[in-house]
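Data block below; observations after.
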Amino acid sequence: MTNKEYANFLLPNVEHDWSYYEEKYPKRDLKEGAIVSRYAPSPTGLPHIGNIYQSFISYSFCKQTNGIFFLRIEDTDGKRTIENGIQAILDTIKPFNIEFNEGPISQTEAKGNYGPYIQSERKDIYQAYAKKLIEEDKAYPCFYTQEEMDQIREYQSHKKQRIGIYKKYAKYRDLSKEEAIEKINNNEKYIIRLKSPGDFENKVILHDLIKGDIELPENDIDEVIIKSDGLPTYAFAHAIDDHLMHTTHVIRGDEWVSSYPVHEQLFKVLGFQVPKYAHIAPITVKEGETVRKLSKRKDPEATISYYYEKGIPNEVIKLYLATIVNFDFEEWYTNNTDKSINDFNFEFSKMPIGGTAFDLEKLMSISRTYFSRLKNTELFDMLDKYTLEYDKEFNSIINEDKEYSLNILNIERDVERPRKDIASLEEVKKYFWYMYPSLFDKNTEEYMEVKKCDKQIVLDYINNIYDEKDDQETWFNKVKEYACLNGYTSDKKEYKENPDKFIGMVSDFCALLRVIIVKKNQSPNIYYLIKYLGKNELLKRIELFYK
RNA sequence: GGCCUGUUGGUGAAGUGGUCUAACACAUUGCCCUCUCAAGGCAACAUUCAUGGGUUCAAAUCCCAUACAGGCUACCA
């Protein structure tokens, strides 16, 4: 029996020869320096911040070099795959404006000439290459049962040896074809293992784009390449897919660093060019003394829905992630307010080597800056969409008089240094509820402590002094003058010397007006509050306050 | 057990042998500005870079050891 016949016997019903695929997926016609990379998740659930981080990084590098960014679904572990997992990935990633040039576009459809992009649909391709290795005597069937494997592992760990199938443990490595055929005819189950040409004493160097050179022992373990279900293991699929899809840069989590020797060996054994590697350190969370990866289950702020519910835009999340990706992004962004994230040139060498702790406070600070830069119309549109989903009552209130709402949102916004108090759409109501009489009437909060004066003084101010046509300066001068005539002073020194002679400072009069209007001692400039609320509403609130 | 990686303030982090009594940002505190708050401006906050040795005229930066933390060590990705 020839090697070719043997390969056919071990992996029957494979339609094409490996060379067919080499022709089918020609080299990509791209400019020098263009990065071809991918986001390659397992469809095991909703992507979270860490997944967005990874895809954002890969996307950015491809985009800025006019390369190709594609999505590949790694579903060779059937047990973990969930229903509609692909759609969940697509639906989560897309709103971040992270776009794939190729890959699945729905649960069932895909675009691009290098597909299929779902590993479970590529079984034939992997087997074609596995047959190539068998023909070349670089792979072999292995007949260990699960129990035998467990015994070997137990023995090795007991003897403090490296765990795996190598040297004397590779019992089936040199089995003759005839013996193997006999076993198979006896119905013995088998998998395909690589006949590793490596030597553990030798070193291989991973030239990692982020972490620098890392020296690792060469792989000498006969790794499984085709599992008993006929599907490939991660390493084998990785080598074949990234070769056939012409990936130039493998950008992935750094938990893969130590399996690099296996991957490199596979590329070489298959006669493929080894791509460049960039291993990303994870986003972490500190839990007491220990550090762990950000987790969907343990950290609510890791899920994307957390931000949707609060009304924190995807753009803000991306801005925060960008500050992690390259430390100098933040400074660049504050100095280039007219530019967008995509204009920044990210570099691998500026990425963090160790893990980065997730900092929600920092993210919120970025969010405040983000909201402060929006135009009132933009904010309104976002708020409209947000409240339609999460606060229908507030949604109808802000839409009752859109012009009015726009005016309110514009208070101290359309200026050189806008206010920075809104960190999320959820907070808008908290900052502006008192500007809507219907919400004010319903509000049951207590008034905050404030120095009071006679009710009549306040009423007279509104009725006789206040003029809605005044600009801010005139308005304040009048307030000052009126207050001073009615028991207040603008002279700090004088007030300190004779505090009993006055009701308070002019600022106390303003504070009183503020509390009457908003119940709290914090709000934007009261000039605008009075102007938009109008005299009548104010008189109403004065009555309420002195009741 | 073996192999790999990391360890700079309350936090993220810059730093690759002298300009480091350590940039920048978030947080905190104080002052100024302001009707108040927010913003903004100014200032304070590590004499020290996990610990211990070594190399050097000189070390956060190079070397060694130790400790701690993380990753990998599957027919999981």
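Ligands are numbered from 1 in the order shown, residues from 1 within each chain, and chains are lettered A, B, ... in the order they appear in the structure tokens.
Scanning range 82-205 of chain A with DSSP on the backbone, the strand (DSSP E) assignments fall on Gly103, Pro104, Ala110, Lys111, Ala139, Tyr140, Pro141, Cys142, Ile191, Ile192, Arg193, Leu194, Lys203, Val204 and Ile205 of chain A.
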Restricting the output to C-alpha atoms, write the selected residues as a PDB file, in the first residue's frame.
```pdb
ATOM      1  CA  GLY A 103     -16.480  36.693   6.949  1.00  0.00           C
ATOM      2  CA  PRO A 104     -19.959  35.765   8.108  1.00  0.00           C
ATOM      3  CA  ALA A 110     -20.869  35.282   4.454  1.00  0.00           C
ATOM      4  CA  LYS A 111     -18.861  37.506   2.135  1.00  0.00           C
ATOM      5  CA  ALA A 139       1.558  12.441  10.842  1.00  0.00           C
ATOM      6  CA  TYR A 140       0.155   9.143  12.010  1.00  0.00           C
ATOM      7  CA  PRO A 141      -2.915   7.522  13.511  1.00  0.00           C
ATOM      8  CA  CYS A 142      -2.865   7.093  17.255  1.00  0.00           C
ATOM      9  CA  ILE A 191      -7.048  10.211  15.898  1.00  0.00           C
ATOM     10  CA  ILE A 192      -4.306  11.805  13.813  1.00  0.00           C
ATOM     11  CA  ARG A 193      -1.162  13.093  15.533  1.00  0.00           C
ATOM     12  CA  LEU A 194       1.691  15.122  14.216  1.00  0.00           C
ATOM     13  CA  LYS A 203      15.056  26.705  21.520  1.00  0.00           C
ATOM     14  CA  VAL A 204      12.749  28.612  19.255  1.00  0.00           C
ATOM     15  CA  ILE A 205      12.371  32.355  19.435  1.00  0.00           C
TER      16      ILE A 205
END
```
Specify as a ChimeraX atom specification all residues of chain B found within 9 Å of chain A, counting only C-alpha atoms (C1' of nucleotides).
-> /B:1-6,11-14,24-27,35-40,69-73,75-77
Name the residues of range 239-437 of chain A that fall into helix (DSSP H, G or I) according to DSSP on the backbone, using the chain letters and numbers of this document, as a PyMOL selection string.
-> chain A and resi 239-244+254-269+300-302+304-310+314-325+329-335+341-343+348-350+360-372+376-390+392-400+402-409+425-435+437
For Ser60 in chain A: contacts at 12 Å, only C-alpha atoms (C1' of nucleotides), fewer than 2 positions along chain excluded, given as an NGL selection string | :A and (34-39 or 52-58 or 62-69 or 97-100 or 251 or 318 or 321-322 or 325-326 or 341-348)
Writer output for current selection, N, CA and C atoms, as a short mmCIF file (atom, residue, chain, number, x, y, z; two decimals), in the first residue's frame:
```
data_model
loop_
_atom_site.label_atom_id
_atom_site.label_comp_id
_atom_site.auth_asym_id
_atom_site.auth_seq_id
_atom_site.Cartn_x
_atom_site.Cartn_y
_atom_site.Cartn_z
N ALA A 34 0.57 46.15 4.05
CA ALA A 34 -0.84 45.98 4.41
C ALA A 34 -0.98 44.80 5.35
N ILE A 35 -1.68 45.02 6.45
CA ILE A 35 -1.85 43.95 7.43
C ILE A 35 -3.14 43.18 7.16
N VAL A 36 -3.03 41.88 7.08
CA VAL A 36 -4.21 41.02 6.98
C VAL A 36 -4.33 40.32 8.32
N SER A 37 -5.43 40.57 9.00
CA SER A 37 -5.60 39.92 10.30
C SER A 37 -7.06 39.58 10.51
N ARG A 38 -7.32 38.99 11.66
CA ARG A 38 -8.68 38.50 11.87
C ARG A 38 -9.07 38.57 13.33
N TYR A 39 -10.38 38.51 13.50
CA TYR A 39 -10.93 38.30 14.83
C TYR A 39 -11.50 36.89 14.75
N ILE A 52 -14.24 42.99 22.55
CA ILE A 52 -14.28 44.24 21.78
C ILE A 52 -12.86 44.80 21.68
N TYR A 53 -12.16 44.73 22.78
CA TYR A 53 -10.76 45.20 22.84
C TYR A 53 -9.93 44.51 21.76
N GLN A 54 -10.02 43.19 21.72
CA GLN A 54 -9.23 42.44 20.75
C GLN A 54 -9.61 42.77 19.31
N SER A 55 -10.90 42.77 19.05
CA SER A 55 -11.31 43.02 17.67
C SER A 55 -11.00 44.44 17.27
N PHE A 56 -11.14 45.36 18.22
CA PHE A 56 -10.82 46.77 17.93
C PHE A 56 -9.35 46.93 17.56
N ILE A 57 -8.48 46.23 18.28
CA ILE A 57 -7.05 46.32 18.00
C ILE A 57 -6.74 45.78 16.60
N SER A 58 -7.22 44.57 16.31
CA SER A 58 -6.95 43.98 15.00
C SER A 58 -7.52 44.84 13.89
N CYS A 62 -5.42 46.71 10.72
CA CYS A 62 -5.74 46.40 9.32
C CYS A 62 -6.17 47.67 8.61
N LYS A 63 -7.03 48.41 9.26
CA LYS A 63 -7.58 49.62 8.66
C LYS A 63 -6.48 50.64 8.35
N GLN A 64 -5.59 50.85 9.30
CA GLN A 64 -4.60 51.92 9.10
C GLN A 64 -3.51 51.53 8.10
N THR A 65 -3.46 50.26 7.70
CA THR A 65 -2.49 49.86 6.67
C THR A 65 -3.20 49.50 5.37
N ASN A 66 -4.49 49.82 5.28
CA ASN A 66 -5.30 49.46 4.12
C ASN A 66 -5.25 47.97 3.85
N GLY A 67 -5.30 47.21 4.92
CA GLY A 67 -5.26 45.75 4.79
C GLY A 67 -6.64 45.14 4.81
N ILE A 68 -6.69 43.89 5.21
CA ILE A 68 -7.96 43.15 5.25
C ILE A 68 -8.20 42.64 6.67
N PHE A 69 -9.39 42.87 7.15
CA PHE A 69 -9.76 42.38 8.47
C PHE A 69 -10.95 41.44 8.30
N ASN A 97 -18.75 50.10 15.05
CA ASN A 97 -18.13 50.48 13.78
C ASN A 97 -16.83 49.73 13.52
N ILE A 98 -16.80 48.52 14.00
CA ILE A 98 -15.68 47.65 13.68
C ILE A 98 -16.17 46.79 12.53
N GLU A 99 -15.62 47.03 11.34
CA GLU A 99 -16.17 46.40 10.15
C GLU A 99 -15.26 45.31 9.60
N PHE A 100 -15.88 44.23 9.22
CA PHE A 100 -15.12 43.13 8.62
C PHE A 100 -15.15 43.23 7.10
N ILE A 251 -3.02 38.34 15.65
CA ILE A 251 -3.17 39.20 16.82
C ILE A 251 -4.14 38.47 17.75
N LYS A 318 -14.78 52.74 23.06
CA LYS A 318 -13.64 52.65 22.15
C LYS A 318 -12.54 53.65 22.55
N LEU A 321 -10.77 52.15 25.43
CA LEU A 321 -9.92 51.04 25.00
C LEU A 321 -8.69 51.55 24.26
N ALA A 322 -8.88 52.59 23.47
CA ALA A 322 -7.75 53.15 22.72
C ALA A 322 -6.67 53.69 23.67
N VAL A 325 -4.72 50.69 24.54
CA VAL A 325 -3.93 50.13 23.44
C VAL A 325 -2.60 50.87 23.29
N ASN A 326 -2.66 52.18 23.22
CA ASN A 326 -1.44 52.97 23.11
C ASN A 326 -1.49 54.10 24.13
N ILE A 341 -10.91 58.45 16.23
CA ILE A 341 -10.01 57.37 16.64
C ILE A 341 -9.28 56.77 15.44
N ASN A 342 -10.00 56.64 14.34
CA ASN A 342 -9.39 56.01 13.16
C ASN A 342 -8.23 56.79 12.57
N ASP A 343 -8.10 58.05 12.94
CA ASP A 343 -6.99 58.85 12.42
C ASP A 343 -5.71 58.61 13.19
N PHE A 344 -5.82 57.96 14.32
CA PHE A 344 -4.62 57.73 15.13
C PHE A 344 -3.86 56.53 14.60
N ASN A 345 -2.55 56.63 14.62
CA ASN A 345 -1.72 55.53 14.16
C ASN A 345 -1.26 54.69 15.35
N PHE A 346 -1.91 53.57 15.52
CA PHE A 346 -1.54 52.69 16.64
C PHE A 346 -0.27 51.93 16.31
N GLU A 347 0.50 51.64 17.36
CA GLU A 347 1.73 50.87 17.17
C GLU A 347 1.76 49.71 18.16
N PHE A 348 2.23 48.57 17.65
CA PHE A 348 2.35 47.39 18.50
C PHE A 348 3.31 47.65 19.66
#
```
Pick out the residues sitting within 6 Å of range 47-57 of chain B, and hand them over as a list of chain:residue names; count only C-alpha atoms (C1' of nucleotides), and ignore anything fewer than 2 positions along from it in its own chain.
->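 Here the answer would be B:U7, B:U8, B:U21, B:A60.
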What does the file look like for those residues with C-alpha atoms (C1' of nucleotides), as a compact mmCIF listing (two decimals), in the first residue's frame?
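The result, written out as result.txt:
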```txt
# COMPACT_ATOMS: atom_id res chain seq x y z
C1' U B 7 6.17 43.48 39.46
C1' U B 8 7.17 51.84 39.07
C1' U B 21 14.41 64.42 44.04
C1' A B 60 13.87 52.15 37.78
```
To one decimal place, how far is CA of Lys375 in chain A from CA of Ser340 in chain A in Å?
-> 16.1 Å
Would you mind reading off the distance between CA of His238 in chain A and CA of Glu121 in chain A, one decimal, in Å?
-> 14.3 Å
Write out as a ChimeraX atom specification each polymer residue whose atoms come within 9 Å of Gln107 in chain A, counting only C-alpha atoms (C1' of nucleotides); drop sequence neighbours fewer than 6 positions from it.
-> /A:84-88,90
Atom-to-atom span, CA of Glu135 in chain A and CA of Gly115 in chain A, Å =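 Separation between CA of Glu135 in chain A and CA of Gly115 in chain A: 25.8 Å.
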